[in-house]
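Novice: Contents of entry.tsv (TSV, C-alpha atoms) are given next:
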```
chain	number	residue	atom	x	y	z
A	31	ILE	CA	27.74	-5.33	33.14
A	32	LEU	CA	27.26	-6.85	29.70
A	33	PHE	CA	24.39	-5.64	27.54
A	34	CYS	CA	23.34	-7.63	24.54
A	35	LEU	CA	21.26	-6.11	21.74
A	36	ILE	CA	19.57	-8.58	19.45
A	37	VAL	CA	17.97	-7.45	16.20
A	38	SER	CA	16.22	-9.45	13.53
A	39	VAL	CA	17.17	-8.72	9.95
A	40	SER	CA	14.09	-9.86	8.12
A	41	GLY	CA	15.15	-9.20	4.57
A	42	GLN	CA	15.44	-6.60	1.87
A	43	SER	CA	13.66	-3.29	1.46
A	44	LEU	CA	13.31	-0.71	-1.27
A	45	GLU	CA	14.20	2.85	-0.23
A	46	PHE	CA	12.63	5.97	-1.79
A	47	ASP	CA	14.34	9.38	-1.44
A	48	GLY	CA	11.20	11.54	-1.35
A	49	VAL	CA	12.45	13.60	-4.30
A	50	ASP	CA	11.69	11.65	-7.46
A	51	ASP	CA	11.91	7.91	-6.69
A	52	TYR	CA	8.98	5.66	-7.52
A	53	ALA	CA	8.05	2.17	-8.73
A	54	MET	CA	5.19	1.25	-11.04
A	55	THR	CA	3.63	-1.63	-12.94
A	56	SER	CA	3.44	-1.75	-16.72
A	57	VAL	CA	0.00	-3.40	-16.64
A	58	ASN	CA	-3.22	-1.53	-15.92
A	59	SER	CA	-4.57	-1.69	-12.38
A	60	SER	CA	-7.64	-3.52	-13.71
A	61	SER	CA	-5.41	-6.60	-13.80
A	62	PHE	CA	-5.52	-6.78	-10.00
A	63	PHE	CA	-9.27	-6.58	-9.40
A	64	GLU	CA	-12.28	-8.64	-10.45
A	65	SER	CA	-15.85	-7.43	-10.77
A	66	ASN	CA	-18.13	-7.92	-7.76
A	67	THR	CA	-15.41	-9.40	-5.57
A	68	PRO	CA	-13.85	-8.42	-2.24
A	69	PHE	CA	-10.18	-7.50	-2.09
A	70	THR	CA	-7.30	-7.00	0.32
A	71	VAL	CA	-4.32	-4.74	-0.25
A	72	GLU	CA	-1.38	-4.83	2.16
A	73	ILE	CA	2.16	-3.53	2.45
A	74	TRP	CA	5.08	-3.16	4.85
A	75	TYR	CA	6.16	0.48	4.99
A	76	LYS	CA	8.45	2.76	7.00
A	77	THR	CA	8.78	6.55	6.80
A	78	THR	CA	12.28	8.05	6.76
A	79	ASN	CA	11.59	11.52	8.17
A	80	GLY	CA	7.95	11.28	9.21
A	81	THR	CA	5.19	12.65	7.01
A	82	HIS	CA	5.35	16.00	5.18
A	83	ALA	CA	3.17	19.09	4.66
A	84	GLU	CA	2.09	18.73	1.04
A	85	ASP	CA	-0.62	16.17	0.31
A	86	ASN	CA	-1.41	12.57	1.14
A	87	VAL	CA	0.80	10.09	-0.70
A	88	MET	CA	0.14	6.50	-1.67
A	89	MET	CA	2.15	3.71	-0.15
A	90	ILE	CA	0.39	1.58	-2.74
A	91	GLY	CA	-2.44	2.68	-5.01
A	92	THR	CA	-3.90	3.43	-8.42
A	93	TYR	CA	-4.54	7.19	-8.43
A	94	ASP	CA	-3.34	9.26	-11.41
A	95	ARG	CA	-4.13	12.81	-12.50
A	96	SER	CA	-6.72	13.24	-15.23
A	97	SER	CA	-4.75	16.07	-16.86
A	98	THR	CA	-2.26	13.52	-18.19
A	99	GLY	CA	-4.84	10.90	-19.09
A	100	GLY	CA	-5.41	9.30	-15.71
A	101	ASP	CA	-8.68	7.45	-15.17
A	102	THR	CA	-10.79	9.05	-12.43
A	103	LYS	CA	-12.97	5.99	-11.74
A	104	GLY	CA	-12.04	2.78	-9.97
A	105	MET	CA	-9.16	4.26	-7.94
A	106	MET	CA	-8.04	2.86	-4.59
A	107	GLY	CA	-5.06	2.98	-2.30
A	108	LEU	CA	-3.35	2.90	1.08
A	109	SER	CA	-2.02	6.38	1.77
A	110	ILE	CA	-0.55	8.45	4.59
A	111	ASP	CA	-1.85	11.92	5.48
A	112	PRO	CA	0.48	14.97	5.65
A	113	SER	CA	1.06	17.15	8.69
A	114	ASN	CA	-1.39	19.85	7.50
A	115	TYR	CA	-4.34	17.44	7.30
A	116	GLY	CA	-6.68	16.55	10.14
A	117	GLU	CA	-5.42	12.94	10.30
A	118	SER	CA	-1.72	13.80	10.23
A	119	GLY	CA	0.56	10.80	9.95
A	120	LYS	CA	-2.27	8.27	9.90
A	121	ALA	CA	-2.89	5.61	7.29
A	122	LYS	CA	-5.96	5.78	5.05
A	123	PHE	CA	-7.64	3.01	3.08
A	124	TRP	CA	-9.75	4.49	0.31
A	125	ALA	CA	-11.60	3.59	-2.87
A	126	ASP	CA	-13.30	6.45	-4.67
A	127	ASP	CA	-16.05	4.52	-6.44
A	128	LEU	CA	-17.01	2.79	-3.19
A	129	THR	CA	-17.06	6.12	-1.31
A	130	LEU	CA	-14.65	4.25	0.96
A	131	SER	CA	-12.52	6.30	3.34
A	132	VAL	CA	-11.30	4.77	6.59
A	133	TYR	CA	-8.39	5.99	8.72
A	134	SER	CA	-6.19	4.22	11.22
A	135	THR	CA	-6.37	5.47	14.80
A	136	SER	CA	-2.60	5.35	15.27
A	137	ARG	CA	0.08	7.24	13.38
A	138	ILE	CA	2.53	5.40	11.16
A	139	ASP	CA	4.94	8.29	10.53
A	140	ASP	CA	7.31	7.32	13.38
A	141	ASN	CA	10.07	6.01	11.10
A	142	GLU	CA	9.41	2.43	12.23
A	143	TRP	CA	8.24	-0.52	10.16
A	144	HIS	CA	4.49	-1.04	10.03
A	145	HIS	CA	2.25	-3.51	8.28
A	146	ILE	CA	-0.79	-1.77	6.78
A	147	ALA	CA	-3.73	-3.72	5.37
A	148	GLY	CA	-6.97	-2.53	3.80
A	149	VAL	CA	-9.82	-5.02	3.40
A	150	TYR	CA	-12.99	-4.59	1.34
A	151	ASP	CA	-15.53	-7.08	2.70
A	152	LYS	CA	-18.18	-7.02	-0.02
A	153	ALA	CA	-20.45	-9.68	1.51
A	154	ASN	CA	-20.88	-7.68	4.72
A	155	GLY	CA	-20.75	-4.20	3.15
A	156	LYS	CA	-17.74	-3.17	5.23
A	157	ALA	CA	-14.13	-2.07	4.86
A	158	TYR	CA	-11.40	-2.45	7.48
A	159	ILE	CA	-7.97	-1.01	8.10
A	160	TYR	CA	-5.39	-2.97	10.08
A	161	ILE	CA	-2.12	-1.64	11.49
A	162	ASP	CA	0.43	-4.24	12.55
A	163	GLY	CA	-2.30	-6.87	12.59
A	164	VAL	CA	-4.77	-4.91	14.72
A	165	LYS	CA	-8.09	-3.78	13.26
A	166	GLU	CA	-8.18	-0.07	14.10
A	167	ASN	CA	-11.24	1.12	12.20
A	168	GLU	CA	-13.98	0.13	9.77
A	169	ASP	CA	-16.29	1.83	7.28
A	170	THR	CA	-19.88	0.69	6.84
A	171	SER	CA	-21.14	3.52	4.58
A	172	LEU	CA	-19.97	2.12	1.27
A	173	GLY	CA	-21.23	2.76	-2.22
A	174	THR	CA	-22.27	0.02	-4.63
A	175	HIS	CA	-19.58	0.24	-7.32
A	176	VAL	CA	-17.20	-2.67	-6.96
A	177	ASP	CA	-15.01	-2.55	-10.08
A	178	GLN	CA	-11.88	-1.02	-8.59
A	179	GLY	CA	-9.54	-1.50	-11.54
A	180	ASN	CA	-8.93	1.09	-14.26
A	181	THR	CA	-6.39	2.00	-16.94
A	182	ASN	CA	-4.02	3.62	-14.41
A	183	LYS	CA	-0.88	1.82	-13.32
A	184	LEU	CA	-0.29	0.52	-9.81
A	185	ARG	CA	2.25	2.67	-7.97
A	186	VAL	CA	4.16	1.92	-4.75
A	187	GLY	CA	6.60	3.71	-2.49
A	188	GLY	CA	5.16	7.05	-1.35
A	189	ILE	CA	3.89	8.95	-4.39
A	190	MET	CA	0.85	11.03	-5.38
A	191	PRO	CA	0.55	12.46	-8.93
A	192	ILE	CA	-1.99	15.27	-8.58
A	193	ILE	CA	-3.17	18.10	-10.83
A	194	ALA	CA	0.04	19.95	-11.71
A	195	THR	CA	2.74	18.17	-9.73
A	196	THR	CA	3.77	14.90	-8.12
A	197	TYR	CA	4.35	14.59	-4.38
A	198	TYR	CA	6.84	12.12	-2.98
A	199	LEU	CA	7.53	10.89	0.54
A	200	ALA	CA	10.87	9.54	1.76
A	201	GLY	CA	10.38	6.02	3.05
A	202	SER	CA	10.96	2.32	2.52
A	203	MET	CA	8.71	-0.53	1.45
A	204	GLY	CA	8.82	-4.22	2.17
A	205	SER	CA	6.51	-6.95	0.96
A	206	ALA	CA	3.22	-6.05	-0.74
A	207	ARG	CA	0.25	-8.11	-1.88
A	208	ILE	CA	-3.16	-7.68	-3.52
A	209	SER	CA	-5.73	-10.46	-3.07
A	210	LYS	CA	-9.23	-11.10	-4.42
A	211	SER	CA	-10.52	-12.13	-0.99
A	212	VAL	CA	-11.08	-10.96	2.58
A	213	ARG	CA	-7.72	-11.94	4.05
A	214	TYR	CA	-8.43	-10.72	7.56
A	215	THR	CA	-11.55	-10.50	9.71
A	216	SER	CA	-9.88	-10.36	13.13
A	217	ASN	CA	-6.51	-9.43	14.58
A	218	PHE	CA	-3.52	-11.36	13.23
A	219	THR	CA	0.27	-11.56	13.23
A	220	PRO	CA	1.51	-10.07	9.93
A	221	ALA	CA	3.79	-12.26	7.86
A	222	VAL	CA	7.10	-10.67	6.90
A	223	THR	CA	6.78	-12.17	3.44
A	224	TYR	CA	3.67	-13.54	1.76
A	225	ALA	CA	2.80	-16.87	0.24
A	226	ASN	CA	1.10	-17.26	-3.11
A	227	ASP	CA	-2.31	-18.93	-3.37
A	228	SER	CA	-5.37	-18.98	-5.62
A	229	ASP	CA	-6.62	-15.62	-4.23
A	230	THR	CA	-3.39	-13.75	-4.95
A	231	LYS	CA	-3.52	-11.19	-7.77
A	232	GLY	CA	-0.15	-9.54	-7.21
A	233	LEU	CA	2.70	-10.45	-4.84
A	234	TRP	CA	6.02	-8.70	-4.36
A	235	ASN	CA	8.23	-9.90	-1.49
A	236	VAL	CA	10.96	-7.34	-2.29
A	237	ASP	CA	13.72	-9.88	-1.73
A	238	GLU	CA	15.70	-9.35	-4.94
A	239	GLY	CA	18.29	-7.10	-3.29
A	240	THR	CA	19.56	-5.83	-6.63
A	241	GLY	CA	18.32	-4.66	-10.01
A	242	THR	CA	15.44	-2.48	-11.16
A	243	VAL	CA	12.53	-4.91	-11.02
A	244	LEU	CA	10.29	-6.20	-8.23
A	245	ASN	CA	9.27	-9.64	-9.40
A	246	ASP	CA	5.61	-10.58	-9.12
A	247	LEU	CA	5.47	-13.97	-7.38
A	248	SER	CA	1.75	-14.52	-8.02
A	249	GLY	CA	2.42	-16.25	-11.31
A	250	ASN	CA	0.73	-13.43	-13.21
A	251	ASP	CA	4.00	-11.68	-14.18
A	252	TYR	CA	2.82	-8.26	-12.99
A	253	ASP	CA	6.34	-7.05	-12.26
A	254	ILE	CA	7.00	-3.58	-10.86
A	255	THR	CA	9.69	-1.42	-12.48
A	256	ILE	CA	11.86	0.61	-10.08
A	257	SER	CA	12.80	4.19	-10.94
A	258	GLY	CA	15.56	5.65	-8.75
A	259	ALA	CA	14.84	3.78	-5.52
A	260	THR	CA	17.71	1.88	-3.91
A	261	TRP	CA	18.02	-1.38	-2.00
A	262	GLY	CA	18.31	-1.55	1.78
A	263	LYS	CA	17.68	-3.84	4.74
A	264	ARG	CA	14.40	-4.40	6.53
A	265	ILE	CA	14.85	-4.79	10.28
A	266	ILE	CA	11.75	-5.50	12.32
```
Could you render the structure from this file as structure tokens?

Specialist:
Amino acid sequence: ILFCLIVSVSGQSLEFDGVDDYAMTSVNSSSFFESNTPFTVEIWYKTTNGTHAEDNVMMIGTYDRSSTGGDTKGMMGLSIDPSNYGESGKAKFWADDLTLSVYSTSRIDDNEWHHIAGVYDKANGKAYIYIDGVKENEDTSLGTHVDQGNTNKLRVGGIMPIIATTYYLAGSMGSARISKSVRYTSNFTPAVTYANDSDTKGLWNVDEGTGTVLNDLSGNDYDITISGATWGKRII
């Protein structure tokens, strides 16, 4: 009997060791958000050894500790909860100044690739979280502050710089994008890589395969500098 296994190699990935690897923009996060506008943030992500038991970590986000000069207003992110939290292994879309906090219903710490998208729908006063193209939850109890940018940098790859330490999570990232629009209002099939358009504020398809820079393909030149992370393959 002949068995045939077919896999699809979809492109490159960036792998973070969970010890001290990270990637970060040089521009302030205010570059990615406009006043009184909706936004969508999305990323392909895969854990290496599940979640951990420290604190939630950002797959992509703008949090930074105030003790080293971090701005405490206008922060947002897509994060994953640790094993000692009530939503262990689930994704969270949050924005502090919007009092936004919405969790996925499924876990994403299974060491498989997942597409995670957070959508702030300003016109309808809602926020949504999508996992692999399926809307799993929404938040309708939002605040009124809509200026999500601040002087903090945008970080990617499983990192959370809190009070006296920085937590890291071993994992890999694929394509990521920030848009100044509501990209999704119903279930969809996630694209492996993203296309640039007039609503795109930052776009990184992670297809370089070498070097220490993730090139921003939005035309805004908001490149992300890689610190320690290594290149790998993304198989979906």

Novice: If we count all atoms listed in the file, what is near A:Asp229 at a cut-off of 12 Å, once residues fewer than 6 positions away on the same chain are taken out, given as a PDB file with C-alpha atoms, keeping the file's coordinate frame?

Specialist:
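The new file around.pdb reads:
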```
ATOM      1  CA  PHE A  62      -5.520  -6.780 -10.000  1.00  0.00           C
ATOM      2  CA  PHE A  63      -9.270  -6.580  -9.400  1.00  0.00           C
ATOM      3  CA  GLU A  64     -12.280  -8.640 -10.450  1.00  0.00           C
ATOM      4  CA  THR A  67     -15.410  -9.400  -5.570  1.00  0.00           C
ATOM      5  CA  PRO A  68     -13.850  -8.420  -2.240  1.00  0.00           C
ATOM      6  CA  PHE A  69     -10.180  -7.500  -2.090  1.00  0.00           C
ATOM      7  CA  THR A  70      -7.300  -7.000   0.320  1.00  0.00           C
ATOM      8  CA  VAL A  71      -4.320  -4.740  -0.250  1.00  0.00           C
ATOM      9  CA  ARG A 207       0.250  -8.110  -1.880  1.00  0.00           C
ATOM     10  CA  ILE A 208      -3.160  -7.680  -3.520  1.00  0.00           C
ATOM     11  CA  SER A 209      -5.730 -10.460  -3.070  1.00  0.00           C
ATOM     12  CA  LYS A 210      -9.230 -11.100  -4.420  1.00  0.00           C
ATOM     13  CA  SER A 211     -10.520 -12.130  -0.990  1.00  0.00           C
ATOM     14  CA  VAL A 212     -11.080 -10.960   2.580  1.00  0.00           C
ATOM     15  CA  ARG A 213      -7.720 -11.940   4.050  1.00  0.00           C
ATOM     16  CA  SER A 248       1.750 -14.520  -8.020  1.00  0.00           C
ATOM     17  CA  GLY A 249       2.420 -16.250 -11.310  1.00  0.00           C
ATOM     18  CA  ASN A 250       0.730 -13.430 -13.210  1.00  0.00           C
TER      19      ASN A 250
END
```

Novice: Residues near A:Asn226, anyone? I mean within 8 Å using all atoms listed in the file, not counting same-chain ones fewer than 4 positions away, as JSON, numbers by chain.

Specialist: {"A": [230, 233, 247, 248]}

Novice: Do a neighbour search on A:Thr55 at 6 Å with all atoms listed in the file, toss out local chain neighbours closer than 5 positions, and write the hits as a PDB file with C-alpha atoms, keeping the file's coordinate frame.

Specialist:
```
ATOM      1  CA  LYS A 183      -0.880   1.820 -13.320  1.00  0.00           C
ATOM      2  CA  LEU A 184      -0.290   0.520  -9.810  1.00  0.00           C
ATOM      3  CA  ILE A 254       7.000  -3.580 -10.860  1.00  0.00           C
TER       4      ILE A 254
END
```

Novice: For each of A:Asp169, A:Asp101, A:Asp111, A:His145, take the minimum atom-to-atom distance to A:Thr223, counting only C-alpha atoms, then give the residue where this is smallest.

Specialist: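 That would be A:His145, the residue with the smallest distance to A:Thr223.
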
Novice: Of the candidates A:Ala83, A:Val149, A:Val164, A:Met190, which shows the shortest atom-to-atom distance to A:Ser109, using all atoms listed in the file?

Specialist: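 Answer, going by the shortest atom-to-atom distance: A:Met190.
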
Novice: With all atoms listed in the file as the basis for distance, which of A:Ile138, A:Met106, A:Ile73, A:Leu44 is at the shortest distance from A:Gly179?

Specialist: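 Using all atoms listed in the file, A:Gly179 sits closest to A:Met106.
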
Novice: Excluding A:Asn58 and any residue of its chain fewer than 4 positions from it, enumerate the residues within 7 Å of it, using only C-alpha atoms, and give them as a PyMOL selection string.

Specialist: chain A and resi 180-183

Novice: Write out as a VMD selection string the residues lying within 10 Å of stretch 127-134 of chain A, counting only C-alpha atoms and excluding same-chain residues fewer than 2 positions away.

Specialist: chain A and resid 102 to 111 117 119 to 125 136 to 138 146 148 150 156 to 161 164 to 178

Novice: Would you work out the distance separating atom CA of A:Phe46 from atom CA of A:Thr219, expressed in Å to one decimal?

Specialist: 26.2 Å

Novice: Just checking: using all atoms listed in the file, which residue out of A:Gly204, A:Glu84, A:Val243, A:Asp140 ends up closest to A:Gly187?

Specialist: A:Gly204

Novice: Which residue, A:Thr98, A:Ser216, A:Asn66, A:Ser60, has the smallest gap to A:Gly155 when you use all atoms listed in the file?

Specialist: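 Closest residue, counting all atoms listed in the file: A:Asn66.
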
Novice: Just checking: using all atoms listed in the file, which residue out of A:Tyr115, A:Tyr252, A:Tyr198, A:Trp143 ends up closest to A:Ser61?

Specialist: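 Among the listed residues, A:Tyr252 lies closest to A:Ser61.
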
Novice: One decimal, Å: what's the distance from atom CA of A:Asp47 over to atom CA of A:Thr77, could you say?

Specialist: 10.3 Å
